[in-house]
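Colleague: Take a look at this one; I'll ask things after.
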Amino acid sequence: MMALVEVYARPMCGFCHQAKKLLDSKGIAYTEYDIWAEGQRKAEMVQRANGRTTVPQIFINDNHIGGCDDLMALERTGKLDQLLGDAA
């Protein structure tokens with residue numbers, strides 16, 4: 001079963017780009033929410049991310065992973081593939 005990956009992002013965000021680039025390189029499908037184009041998404045993101053307001057904020061199977069640095073740390077330790085399951 002493929003993991004449900006959600007990324008809250010905004011245009012022209014280098015960290016958002018890096019996070020999506022990593023997911024793309026692994027062939028992981030994800031849903032991206034643009035917090036600028038869809039204004040209500042920012043409040044939704046802050047609530048789901050326990051008050052974090054920076055982008056990106058990433059969720060895998062409804063679990064808050066954190067931002068770009070957190071995603072990269074999971075990748076470095078090999079834990080990202082575990083979270084993604086068979087999708088990786």
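Identifiers in the structure tokens: chain A, B, ... in order shown; residue index from 1 per chain; ligand index from 1 in order shown.
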Write out as a VMD selection string the set of residues from chain A that DSSP, computed on the backbone, places in strand (DSSP E or B).
Modeller: chain A and resid 5 to 9 31 to 34 57 to 60 63 to 66
Colleague: Write down as a VMD selection string the residues of chain A whose backbone DSSP state falls under alpha helix (DSSP H).
Modeller: chain A and resid 14 to 25 40 to 48 68 to 76 79 to 84
Colleague: Using only C-alpha atoms, find the one residue out of A:Met45, A:Ala3, A:Val55, A:Met12 that sits nearest to Ala29 in chain A.
Modeller: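 Smallest separation from Ala29 in chain A among the options: A:Ala3.
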Colleague: Let me make sure I understand: among A:Tyr8, A:Asp70, A:Lys26, A:Gly14, which one has the smallest atom-to-atom distance to Ala43 in chain A if we use only C-alpha atoms?
Modeller: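 Comparing A:Tyr8, A:Asp70, A:Lys26, A:Gly14 against Ala43 in chain A, the winner is A:Tyr8.
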Colleague: Pick out the residues sitting within 6 Å of range 65-68 of chain A, and hand them over as a PyMOL selection string; count only C-alpha atoms, and ignore anything fewer than 6 positions along from it in its own chain.
Modeller: chain A and resi 15+19+56-59
Colleague: Those residues you just picked out, can you put them in a file as a compact mmCIF listing (two decimals), in the first residue's frame with all heavy atoms?
Modeller:
# COMPACT_ATOMS: atom_id res chain seq x y z
N PHE A 15 13.45 25.46 0.44
CA PHE A 15 13.30 24.26 1.26
C PHE A 15 12.17 23.37 0.75
O PHE A 15 12.29 22.15 0.76
CB PHE A 15 13.07 24.64 2.73
CG PHE A 15 14.28 25.25 3.37
CD1 PHE A 15 14.29 26.60 3.70
CD2 PHE A 15 15.41 24.50 3.65
CE1 PHE A 15 15.40 27.17 4.29
CE2 PHE A 15 16.52 25.07 4.24
CZ PHE A 15 16.53 26.41 4.57
N ALA A 19 12.63 19.46 -0.57
CA ALA A 19 11.83 18.36 -0.03
C ALA A 19 11.09 17.63 -1.16
O ALA A 19 11.09 16.40 -1.22
CB ALA A 19 10.84 18.88 1.01
N PRO A 56 8.51 23.86 4.15
CA PRO A 56 7.35 22.98 4.07
C PRO A 56 7.04 22.32 5.41
O PRO A 56 7.89 22.28 6.29
CB PRO A 56 7.81 21.90 3.08
CG PRO A 56 9.28 21.78 3.33
CD PRO A 56 9.73 23.20 3.64
N GLN A 57 5.82 21.84 5.54
CA GLN A 57 5.45 20.94 6.62
C GLN A 57 4.96 19.67 5.93
O GLN A 57 4.14 19.72 5.02
CB GLN A 57 4.36 21.52 7.53
CG GLN A 57 4.85 22.69 8.38
CD GLN A 57 5.98 22.32 9.32
OE1 GLN A 57 5.98 21.26 9.94
NE2 GLN A 57 6.98 23.20 9.42
N ILE A 58 5.51 18.54 6.36
CA ILE A 58 5.31 17.29 5.65
C ILE A 58 4.63 16.28 6.57
O ILE A 58 5.00 16.14 7.74
CB ILE A 58 6.67 16.74 5.15
CG1 ILE A 58 7.33 17.80 4.26
CG2 ILE A 58 6.50 15.41 4.43
CD1 ILE A 58 8.82 17.68 4.14
N PHE A 59 3.68 15.56 5.99
CA PHE A 59 2.94 14.53 6.72
C PHE A 59 3.01 13.23 5.91
O PHE A 59 2.85 13.26 4.68
CB PHE A 59 1.47 14.94 6.89
CG PHE A 59 1.30 16.14 7.77
CD1 PHE A 59 1.47 17.42 7.26
CD2 PHE A 59 0.96 16.01 9.10
CE1 PHE A 59 1.33 18.55 8.06
CE2 PHE A 59 0.82 17.12 9.92
CZ PHE A 59 1.00 18.39 9.40
Colleague: For Gly85 in chain A, please output as a ChimeraX atom specification all residues within 10 Å (counting only C-alpha atoms; exclusion window: fewer than 5 positions along the same chain).
Modeller: /A:1-3,79-80
Colleague: Would you mind exporting N, CA, C and O atoms of the selected residues as a tab-separated table (two decimals), in the first residue's frame?
Modeller:
chain	number	residue	atom	x	y	z
A	1	MET	N	0.85	-1.19	0.00
A	1	MET	CA	0.00	0.00	0.00
A	1	MET	C	0.89	1.25	0.00
A	1	MET	O	1.84	1.34	0.76
A	2	MET	N	0.55	2.18	-0.85
A	2	MET	CA	1.36	3.41	-0.94
A	2	MET	C	1.06	4.33	0.24
A	2	MET	O	-0.07	4.45	0.68
A	3	ALA	N	2.09	4.98	0.71
A	3	ALA	CA	1.95	5.93	1.80
A	3	ALA	C	1.24	7.18	1.30
A	3	ALA	O	1.40	7.58	0.15
A	79	LYS	N	15.41	5.97	7.72
A	79	LYS	CA	14.08	5.83	8.31
A	79	LYS	C	12.95	6.28	7.38
A	79	LYS	O	11.81	5.89	7.55
A	80	LEU	N	13.29	7.10	6.38
A	80	LEU	CA	12.26	7.59	5.46
A	80	LEU	C	11.64	6.43	4.69
A	80	LEU	O	10.42	6.34	4.58
Colleague: Please list as a count of residues only every residue within 9 Å of Ile28 in chain A, counting only C-alpha atoms and excluding residues in the same chain fewer than 2 positions away.
Modeller: 12
